[in-house]
Each structure stands twice: as structure tokens, then as C-alpha cells.
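To keep things clear, I will list the structure first and then write my remarks on it.
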Amino acid sequence: FDGNQTTNASISIPVGQEKPLTFDLTGNAPQNHGDTHVSSDSKFGTGSAYFDANNASGPYDHLAVANNPDFDFGSSDFTIESWVKFDAPPHFFTIASKFDQSQQPLGWAFTGDTSSNILRLYDSTGAAVSVTVDAPFETNRWYHLAVVRTGDTIKFFKGGLQQGADQSAAGRVYSGPNTPLKIGLHDAASGPFKGWMDEVRISKGIARWKKGMEGVSVGADGKLRFTLPEQEYTPDEHTKLLLHFNGPNESKNFEATLPAQISPIKEGRVTAT
């Protein structure tokens with residue numbers, strides 16, 4: 001089921017009663033390329049995903065989710081985030097991307113580099129905005145990393161603290177070609193992630209953290225900060241991808257929660273008559 005199909009469903013409720021009807025598409029397994037597997041070393045839940053960035057026996061470790069317009073943000077607000085723990089010498093890494101150098105538009109990619117301690121976001125032209133983080137990345141330590149677009153502004157976060165200055169998003173478009181969404185890889189053979197990821201969430205149409213929101217404050221330096229999550233996320237109407245990575249240790253099977261991919265109806269109410 002790719003989100004562009006239709007399906008029939010039936011429910012039974014007492015006559016005259018109204019019941020909420022919500023659709024939560026689960027069980028859509030991302031394709032596992034390489035040796036990505038569940039690890040018991042997790043931030044939340046029973047597991048995380050471990051990527052070893054090794055292509056000696058095939059493609060670089062990554063997960064691929066089928067192309068869907070929900071992953072094209074255009075000029076709208078969005079949030080891309082994940083808990084990560086690095087297990088490698090300094091390297092160029094990717095959290096998530098919908099990017100293909102051979103097509104136009106190129107797409108988007110949320111990346112970083114532990115050697116230069118930066119976070120970066122590519123747009124559909126291949127141009128990027130980036131910031132230097134407040135302290136060098138370390139191995140074997142969990143970090144919450146996020147990038148948020150609010151109107152014409154891009155903000156990067158590490159550990160709930162805004163990193164660097166606001167970056168301009170004016171005129172920038174974040175939409176991709178007809179290519180899968182990749183977790184842990186930039187393009188076909190660049191920016192592989194080495195380490196653990198947990199709670200990957202992609203949200204469209206919302207900046208999860210901006211001034212005036214609950215749990216968000218402004219520090220003395222004028223930068224935003226927010227309260228870090230303390231448990232697994234629950235999907236809402238803006239959630240386009242949510243990966244908990246729970247499962248048996250060493251398993252290579254993953255499930256994604258994509259509650260918004262039954263379109264155009266995402267939720268509603270029905271009344272028996």
C-alpha cells in the first residue's frame with residue numbers, strides 16, 4: 001500500500017452512536033539495504049537501528065521508504081529529527097534524505113559532519129545552509145538532532161538547543177524527485193551513517209519547535225531551546241514518518257508508522273444510521 005491507492009473498510013457500531021474513525025498505517029516495512037539491524041542499545045523502547053556504513057559486501061547500510069508526496073515539503077514548514085549515537089571516526093553522515101544527483105529537482109537532505117562539527121540541510125537545487133555545533137560530536141553518546149523550517153527561517157538543534165544563527169530559507173524549496181526516502185544515506189554512495197538511530201520522525205506542515213510554543217523558551221543568547229522528549233513519540237496528523245526501531249535484537253526487519261499516508265482522508269467521524 002503506497003498511500004496513493006484506495007481501500008475499503010467496514011466497522012460495526014451501535015445504531016445512532018458516533019465513533020471516531022482514525023487511520024494509522026503501520027506495518028509498511030522500509031527496505032533494508034546492507035546490514036542495518038535492530039540493536040538493544042536504544043534511547044527509548046526496546047531497540048534502535050544500527051548502521052555500520054560498510055559497503056564491502058554490497059550497498060552502504062541504509063533504509064529506504066517508497067517515494068511519496070508526503071516527503072516533499074515544497075516551501076511549507078517541516079521538522080526532521082532523530083536521536084543518534086555515533087560509532088565511528090569523524091565522517092560525513094546523513095540522517096534522512098530524498099536526494100538524487102541524477103534528477104531534477106535534486107531533493108533535500110539533512111546531513112552533518114563529525115570532523116568539522118556541522119549540521120547541514122540541502123535544498124532541491126543542491127545548495128545548502130549549515131551551522132557549526134556548540135561542542136564537538138562525541139562517539140557513544142546519544143544526541144537529539146533536528147532541523148526545523150518556520151516560514152523563511154531554518155533552525156538547527158542539538159540536544160534541544162538551537163545551534164548557530166537562523167538560516168534563511170527565502171526562496172528555497174525542499175521537494176525531491178521520484179526517488180525513495182533514505183534513512184542513513186545521502187545519495188547512492190555518499191554520507192553513510194555509522195552508529196545508532198532511534199525515534200526518526202519527519203513532520204510536514206509544522207515547525208515542532210518555535211517561539212511561543214509550549215516547552216520552548218528563548219535563552220539569554222536569543223536562541224531557542226526546547227524540552228527534550230522523554231519517551232517514544234505518538235504520531236499525529238503532521239507525522240509523515242515515525243520509526244521506533246523496536247524489535248528483536250539483530251533483526252533486519254523494520255516497521256514504519258505512516259499515519260498520514262491514507263489520503264485524502266486521514267481521520268474523521270462516522271455515525272451509524
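Identifiers in this document derive from the order of the C-alpha cells: chains are assigned A, B, ..., residues are numbered from 1 separately in each chain, and ligands are numbered from 1 in order of occurrence.
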Exercise. Name the residues in contact with Pro180 in chain A at a cut-off of 9 Å, using only C-alpha atoms, excluding same-chain residues fewer than 6 positions from it; report them as a PyMOL selection string.
Key: chain A and resi 64-68+97-99
Using N, CA and C atoms, can you write the selected residues to a file as a PDB file, in the first residue's frame?
```
ATOM      1  N   ALA A  64      15.284   2.393   3.105  1.00  0.00           N
ATOM      2  CA  ALA A  64      14.608   3.149   2.054  1.00  0.00           C
ATOM      3  C   ALA A  64      13.101   2.973   2.199  1.00  0.00           C
ATOM      4  N   VAL A  65      12.387   4.088   2.153  1.00  0.00           N
ATOM      5  CA  VAL A  65      10.925   4.094   2.220  1.00  0.00           C
ATOM      6  C   VAL A  65      10.409   4.575   0.869  1.00  0.00           C
ATOM      7  N   ALA A  66       9.414   3.907   0.326  1.00  0.00           N
ATOM      8  CA  ALA A  66       8.915   4.214  -1.009  1.00  0.00           C
ATOM      9  C   ALA A  66       8.585   5.691  -1.178  1.00  0.00           C
ATOM     10  N   ASN A  67       8.868   6.214  -2.364  1.00  0.00           N
ATOM     11  CA  ASN A  67       8.580   7.611  -2.675  1.00  0.00           C
ATOM     12  C   ASN A  67       7.121   7.940  -2.397  1.00  0.00           C
ATOM     13  N   ASN A  68       6.898   9.115  -1.836  1.00  0.00           N
ATOM     14  CA  ASN A  68       5.542   9.574  -1.541  1.00  0.00           C
ATOM     15  C   ASN A  68       5.548  11.088  -1.481  1.00  0.00           C
ATOM     16  N   SER A  97      17.272  11.667   3.775  1.00  0.00           N
ATOM     17  CA  SER A  97      17.368  12.398   2.510  1.00  0.00           C
ATOM     18  C   SER A  97      16.362  11.869   1.501  1.00  0.00           C
ATOM     19  N   LYS A  98      15.977  12.752   0.620  1.00  0.00           N
ATOM     20  CA  LYS A  98      15.202  12.395  -0.572  1.00  0.00           C
ATOM     21  C   LYS A  98      15.919  13.117  -1.713  1.00  0.00           C
ATOM     22  N   PHE A  99      17.061  12.567  -2.077  1.00  0.00           N
ATOM     23  CA  PHE A  99      18.022  13.282  -2.894  1.00  0.00           C
ATOM     24  C   PHE A  99      18.558  12.362  -3.978  1.00  0.00           C
TER      25      PHE A  99
END
```
Quiz item: Which residues, written as a VMD selection string, have at least one atom at most 7 Å from range 243-245 of chain A, with only C-alpha atoms counted and residues fewer than 5 positions away on the same chain left out?
Solution: chain A and resid 38 47 to 49 198 to 201 254 256 to 257
Could those selected residues go to a file with N, CA and C atoms, as a CSV table (one decimal), in the first residue's frame?
```
chain,number,residue,atom,x,y,z
A,38,VAL,N,18.4,-4.2,14.1
A,38,VAL,CA,18.0,-3.7,15.4
A,38,VAL,C,19.1,-4.0,16.4
A,47,GLY,N,14.5,-1.1,21.1
A,47,GLY,CA,15.6,-1.2,20.1
A,47,GLY,C,15.9,0.1,19.4
A,48,SER,N,17.0,0.2,18.7
A,48,SER,CA,17.4,1.2,17.8
A,48,SER,C,17.8,0.6,16.5
A,49,ALA,N,18.2,1.4,15.5
A,49,ALA,CA,18.7,0.8,14.3
A,49,ALA,C,20.2,1.1,14.3
A,198,ASP,N,17.5,6.3,16.7
A,198,ASP,CA,16.3,6.0,17.3
A,198,ASP,C,15.3,7.1,17.1
A,199,GLU,N,14.0,6.8,17.1
A,199,GLU,CA,13.0,7.8,17.0
A,199,GLU,C,13.2,8.8,15.9
A,200,VAL,N,13.3,8.3,14.7
A,200,VAL,CA,13.3,9.1,13.5
A,200,VAL,C,11.9,9.6,13.2
A,201,ARG,N,11.7,10.9,13.1
A,201,ARG,CA,10.4,11.5,12.9
A,201,ARG,C,10.5,12.6,11.8
A,254,PHE,N,12.2,-4.0,9.8
A,254,PHE,CA,11.7,-2.8,10.4
A,254,PHE,C,10.3,-2.4,10.0
A,256,ALA,N,7.5,0.9,9.8
A,256,ALA,CA,7.3,2.3,9.9
A,256,ALA,C,5.9,2.7,10.2
A,257,THR,N,5.7,3.7,11.0
A,257,THR,CA,4.3,4.3,11.2
A,257,THR,C,4.2,5.5,10.3
```
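Backbone DSSP assigns strand (DSSP E or B) in range 146-183 of chain A to Ala146, Val147, Val148, Arg149, Thr150, Thr153, Ile154, Lys155, Phe156, Phe157, Lys158, Leu161, Gln162, Gln163, Gly164, Ala165, Asp166, Gln167, Ser168, Tyr174, Leu181, Lys182 and Ile183 of chain A.
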Quiz item: Do you know which residues are at most 12 Å from Gly219 in chain A counting only C-alpha atoms, after dropping those on the same chain fewer than 5 positions away, and could you put them as a VMD selection string?
Solution: chain A and resid 160 to 163 211 224 to 226
Excluding same-chain residues fewer than 3 positions from Ala170 in chain A, what lies within 10 Å of it counting only C-alpha atoms, as an mmCIF file with all heavy atoms, in the first residue's frame?
```
data_model
loop_
_atom_site.group_PDB
_atom_site.id
_atom_site.type_symbol
_atom_site.label_atom_id
_atom_site.label_comp_id
_atom_site.auth_asym_id
_atom_site.auth_seq_id
_atom_site.Cartn_x
_atom_site.Cartn_y
_atom_site.Cartn_z
ATOM 1 N N SER A 75 7.647 24.655 -0.002
ATOM 2 C CA SER A 75 8.015 25.835 0.791
ATOM 3 C C SER A 75 7.318 25.850 2.139
ATOM 4 O O SER A 75 7.328 26.870 2.835
ATOM 5 C CB SER A 75 7.671 27.114 0.009
ATOM 6 O OG SER A 75 8.369 27.160 -1.206
ATOM 7 N N GLY A 151 8.475 29.241 8.181
ATOM 8 C CA GLY A 151 8.388 30.325 7.206
ATOM 9 C C GLY A 151 9.654 30.405 6.378
ATOM 10 O O GLY A 151 10.051 29.448 5.713
ATOM 11 N N ASP A 152 10.332 31.538 6.440
ATOM 12 C CA ASP A 152 11.567 31.740 5.681
ATOM 13 C C ASP A 152 12.819 31.535 6.522
ATOM 14 O O ASP A 152 13.886 32.063 6.207
ATOM 15 C CB ASP A 152 11.586 33.150 5.074
ATOM 16 C CG ASP A 152 10.653 33.280 3.893
ATOM 17 O OD1 ASP A 152 10.284 32.237 3.296
ATOM 18 O OD2 ASP A 152 10.269 34.416 3.544
ATOM 19 N N THR A 153 12.692 30.759 7.612
ATOM 20 C CA THR A 153 13.812 30.566 8.516
ATOM 21 C C THR A 153 14.072 29.082 8.762
ATOM 22 O O THR A 153 13.137 28.305 8.960
ATOM 23 C CB THR A 153 13.553 31.250 9.877
ATOM 24 O OG1 THR A 153 13.347 32.655 9.663
ATOM 25 C CG2 THR A 153 14.724 31.059 10.825
ATOM 26 N N ILE A 154 15.348 28.708 8.738
ATOM 27 C CA ILE A 154 15.782 27.366 9.097
ATOM 28 C C ILE A 154 16.535 27.440 10.418
ATOM 29 O O ILE A 154 17.418 28.283 10.602
ATOM 30 C CB ILE A 154 16.730 26.769 8.027
ATOM 31 C CG1 ILE A 154 16.020 26.623 6.682
ATOM 32 C CG2 ILE A 154 17.304 25.439 8.496
ATOM 33 C CD1 ILE A 154 14.987 25.529 6.634
ATOM 34 N N GLN A 167 19.086 30.538 9.751
ATOM 35 C CA GLN A 167 19.493 30.480 8.358
ATOM 36 C C GLN A 167 18.308 30.823 7.468
ATOM 37 O O GLN A 167 17.174 30.435 7.751
ATOM 38 C CB GLN A 167 20.006 29.081 8.015
ATOM 39 C CG GLN A 167 21.159 28.619 8.882
ATOM 40 C CD GLN A 167 22.389 29.476 8.709
ATOM 41 O OE1 GLN A 167 22.879 29.674 7.597
ATOM 42 N NE2 GLN A 167 22.917 29.989 9.822
ATOM 43 N N VAL A 173 13.256 25.639 -1.832
ATOM 44 C CA VAL A 173 12.238 24.608 -1.972
ATOM 45 C C VAL A 173 12.852 23.277 -1.569
ATOM 46 O O VAL A 173 13.991 22.966 -1.938
ATOM 47 C CB VAL A 173 11.706 24.535 -3.426
ATOM 48 C CG1 VAL A 173 10.736 23.385 -3.588
ATOM 49 C CG2 VAL A 173 11.050 25.853 -3.807
#
```
Practice problem: Find the distance between CA of Thr139 in chain A and CA of Thr114 in chain A and write it in Å to one decimal. | Solution: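 Atom-to-atom, CA of Thr139 in chain A and CA of Thr114 in chain A are spaced 9.4 Å apart.
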Quiz prompt | Neighbour list for Val131 in chain A as a list in words, cut-off 7 Å, only C-alpha atoms, skip fewer than 2 positions in-chain | solution =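 The filter keeps Ile118, Leu119, Arg120, Val133, Gln163 and Gly164 of chain A.
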Take the residues that were just selected and, keeping C-alpha atoms, output them as a short mmCIF file (atom, residue, chain, number, x, y, z; two decimals), in the first residue's frame.
```cif
data_model
loop_
_atom_site.label_atom_id
_atom_site.label_comp_id
_atom_site.auth_asym_id
_atom_site.auth_seq_id
_atom_site.Cartn_x
_atom_site.Cartn_y
_atom_site.Cartn_z
CA ILE A 118 28.48 20.89 11.42
CA LEU A 119 24.83 20.27 10.61
CA ARG A 120 23.64 20.90 7.07
CA VAL A 133 27.52 22.99 16.61
CA GLN A 163 22.81 25.71 17.03
CA GLY A 164 24.25 28.74 15.27
#
```
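The protein and nucleic acid residues lying at most 10 Å from Ala127 in chain A are Leu106, Trp108, Leu121 and Arg172 of chain A, with only C-alpha atoms considered and sequence neighbours fewer than 6 positions away removed.
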Self-check item: Proximity to Phe92 in chain A - best of A:Ser190, A:Pro30, A:Ala169, A:Phe73, only C-alpha atoms
Solution: A:Ser190
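By chain and then residue number, the residues within 10 Å of Trp142 in chain A are A:Ser42, A:Lys43, A:Trp83, A:Val84, A:Lys85, A:Phe86, A:Phe137, A:Glu138, A:Thr139, A:Leu145, A:Gly159, A:Trp196, A:Met197, A:Asp198, counting only C-alpha atoms and disregarding those fewer than 3 positions away in sequence.
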Please save all heavy atoms of the selected residues as a CSV table (one decimal), in the first residue's frame.
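Okay, this is what ended up in part34.csv:
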```csv
chain,number,residue,atom,x,y,z
A,42,SER,N,19.3,1.3,22.9
A,42,SER,CA,18.3,2.2,22.4
A,42,SER,C,18.1,3.4,23.3
A,42,SER,O,18.5,3.4,24.5
A,42,SER,CB,16.9,1.5,22.3
A,42,SER,OG,16.5,1.1,23.6
A,43,LYS,N,17.6,4.5,22.8
A,43,LYS,CA,17.3,5.7,23.6
A,43,LYS,C,15.9,5.4,24.3
A,43,LYS,O,15.8,5.7,25.5
A,43,LYS,CB,17.2,6.9,22.7
A,43,LYS,CG,16.9,8.2,23.5
A,43,LYS,CD,18.0,8.5,24.5
A,43,LYS,CE,17.6,9.7,25.3
A,43,LYS,NZ,18.6,10.0,26.4
A,83,TRP,N,17.2,10.8,17.3
A,83,TRP,CA,18.2,10.5,18.3
A,83,TRP,C,19.3,9.8,17.6
A,83,TRP,O,19.0,8.8,16.8
A,83,TRP,CB,17.6,9.7,19.4
A,83,TRP,CG,16.8,10.5,20.4
A,83,TRP,CD1,15.4,10.6,20.3
A,83,TRP,CD2,17.2,11.3,21.5
A,83,TRP,NE1,15.0,11.4,21.4
A,83,TRP,CE2,16.1,11.8,22.1
A,83,TRP,CE3,18.5,11.5,22.1
A,83,TRP,CZ2,16.1,12.6,23.2
A,83,TRP,CZ3,18.5,12.4,23.2
A,83,TRP,CH2,17.4,12.9,23.8
A,84,VAL,N,20.5,10.1,17.8
A,84,VAL,CA,21.7,9.5,17.1
A,84,VAL,C,22.8,9.2,18.1
A,84,VAL,O,22.9,10.0,19.1
A,84,VAL,CB,22.2,10.3,15.9
A,84,VAL,CG1,21.1,10.6,14.9
A,84,VAL,CG2,22.9,11.6,16.4
A,85,LYS,N,23.6,8.2,17.9
A,85,LYS,CA,24.8,7.9,18.7
A,85,LYS,C,25.8,7.4,17.7
A,85,LYS,O,25.6,6.4,17.0
A,85,LYS,CB,24.5,6.9,19.7
A,85,LYS,CG,25.7,6.7,20.6
A,85,LYS,CD,25.4,6.0,21.9
A,85,LYS,CE,25.1,4.5,21.8
A,85,LYS,NZ,25.1,3.8,23.1
A,86,PHE,N,26.9,8.2,17.6
A,86,PHE,CA,28.0,7.9,16.6
A,86,PHE,C,28.9,6.8,17.1
A,86,PHE,O,29.2,6.7,18.3
A,86,PHE,CB,28.8,9.1,16.3
A,86,PHE,CG,27.9,10.3,15.7
A,86,PHE,CD1,27.7,11.4,16.5
A,86,PHE,CD2,27.4,10.2,14.5
A,86,PHE,CE1,26.9,12.4,16.0
A,86,PHE,CE2,26.6,11.2,13.9
A,86,PHE,CZ,26.3,12.3,14.7
A,137,PHE,N,31.1,16.7,18.3
A,137,PHE,CA,30.4,15.5,18.5
A,137,PHE,C,31.3,14.4,19.1
A,137,PHE,O,32.5,14.3,18.8
A,137,PHE,CB,29.9,14.9,17.1
A,137,PHE,CG,28.8,15.7,16.5
A,137,PHE,CD1,29.0,16.5,15.3
A,137,PHE,CD2,27.5,15.8,17.1
A,137,PHE,CE1,28.0,17.2,14.7
A,137,PHE,CE2,26.5,16.5,16.5
A,137,PHE,CZ,26.7,17.2,15.3
A,138,GLU,N,30.8,13.6,20.0
A,138,GLU,CA,31.5,12.5,20.6
A,138,GLU,C,30.9,11.2,20.2
A,138,GLU,O,29.7,11.1,19.8
A,138,GLU,CB,31.5,12.7,22.1
A,138,GLU,CG,32.1,13.9,22.6
A,138,GLU,CD,31.9,14.1,24.1
A,138,GLU,OE1,31.4,13.1,24.8
A,138,GLU,OE2,32.3,15.2,24.7
A,139,THR,N,31.6,10.1,20.3
A,139,THR,CA,31.1,8.8,20.0
A,139,THR,C,30.5,8.3,21.3
A,139,THR,O,30.7,8.7,22.4
A,139,THR,CB,32.2,7.8,19.5
A,139,THR,OG1,33.2,7.8,20.5
A,139,THR,CG2,32.8,8.3,18.2
A,145,LEU,N,19.1,15.4,17.3
A,145,LEU,CA,19.4,16.3,16.3
A,145,LEU,C,18.1,16.6,15.5
A,145,LEU,O,17.3,15.8,15.2
A,145,LEU,CB,20.4,15.8,15.3
A,145,LEU,CG,21.8,15.4,15.9
A,145,LEU,CD1,22.7,14.8,14.8
A,145,LEU,CD2,22.4,16.5,16.6
A,159,GLY,N,20.5,18.5,21.0
A,159,GLY,CA,20.2,18.4,22.4
A,159,GLY,C,19.2,19.4,22.9
A,159,GLY,O,19.2,19.9,24.1
A,196,TRP,N,24.1,4.4,15.8
A,196,TRP,CA,22.7,4.1,16.1
A,196,TRP,C,21.8,5.3,15.9
A,196,TRP,O,22.1,6.4,16.1
A,196,TRP,CB,22.6,3.7,17.6
A,196,TRP,CG,23.4,2.5,18.0
A,196,TRP,CD1,23.0,1.2,18.2
A,196,TRP,CD2,24.8,2.5,18.4
A,196,TRP,NE1,24.0,0.4,18.6
A,196,TRP,CE2,25.1,1.1,18.7
A,196,TRP,CE3,25.8,3.4,18.4
A,196,TRP,CZ2,26.4,0.7,19.1
A,196,TRP,CZ3,27.1,3.0,18.8
A,196,TRP,CH2,27.4,1.7,19.1
A,197,MET,N,20.6,4.9,15.5
A,197,MET,CA,19.5,5.9,15.4
A,197,MET,C,18.3,5.4,16.1
A,197,MET,O,18.0,4.2,16.1
A,197,MET,CB,19.1,6.2,13.9
A,197,MET,CG,20.0,7.0,13.1
A,197,MET,SD,19.2,7.6,11.6
A,197,MET,CE,20.6,7.9,10.5
A,198,ASP,N,17.5,6.3,16.7
A,198,ASP,CA,16.3,6.0,17.3
A,198,ASP,C,15.3,7.1,17.1
A,198,ASP,O,15.7,8.3,17.0
A,198,ASP,CB,16.5,5.7,18.8
A,198,ASP,CG,15.4,4.8,19.4
A,198,ASP,OD1,14.5,4.4,18.7
A,198,ASP,OD2,15.6,4.4,20.6
```
Self-check item: Distance of CA of Thr227 in chain A from CA of Leu63 in chain A, expressed in Å to one decimal place
Solution: 28.5 Å
Exercise. Please indicate the distance in Å from CA of Thr239 in chain A to CA of Ser203 in chain A, rounded to one decimal place.
Key: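 Separation between CA of Thr239 in chain A and CA of Ser203 in chain A: 4.5 Å.
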Quiz prompt | Option closest in space to Asn54 in chain A, from A:Ala165, A:Leu228, A:Leu241, A:Ala189 [counting only C-alpha atoms] | solution = A:Ala189
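Using only C-alpha atoms for every distance, the candidate list A:Lys155, A:Lys194, A:His186, A:His144 yields A:Lys194 as the residue closest to Pro89 in chain A.
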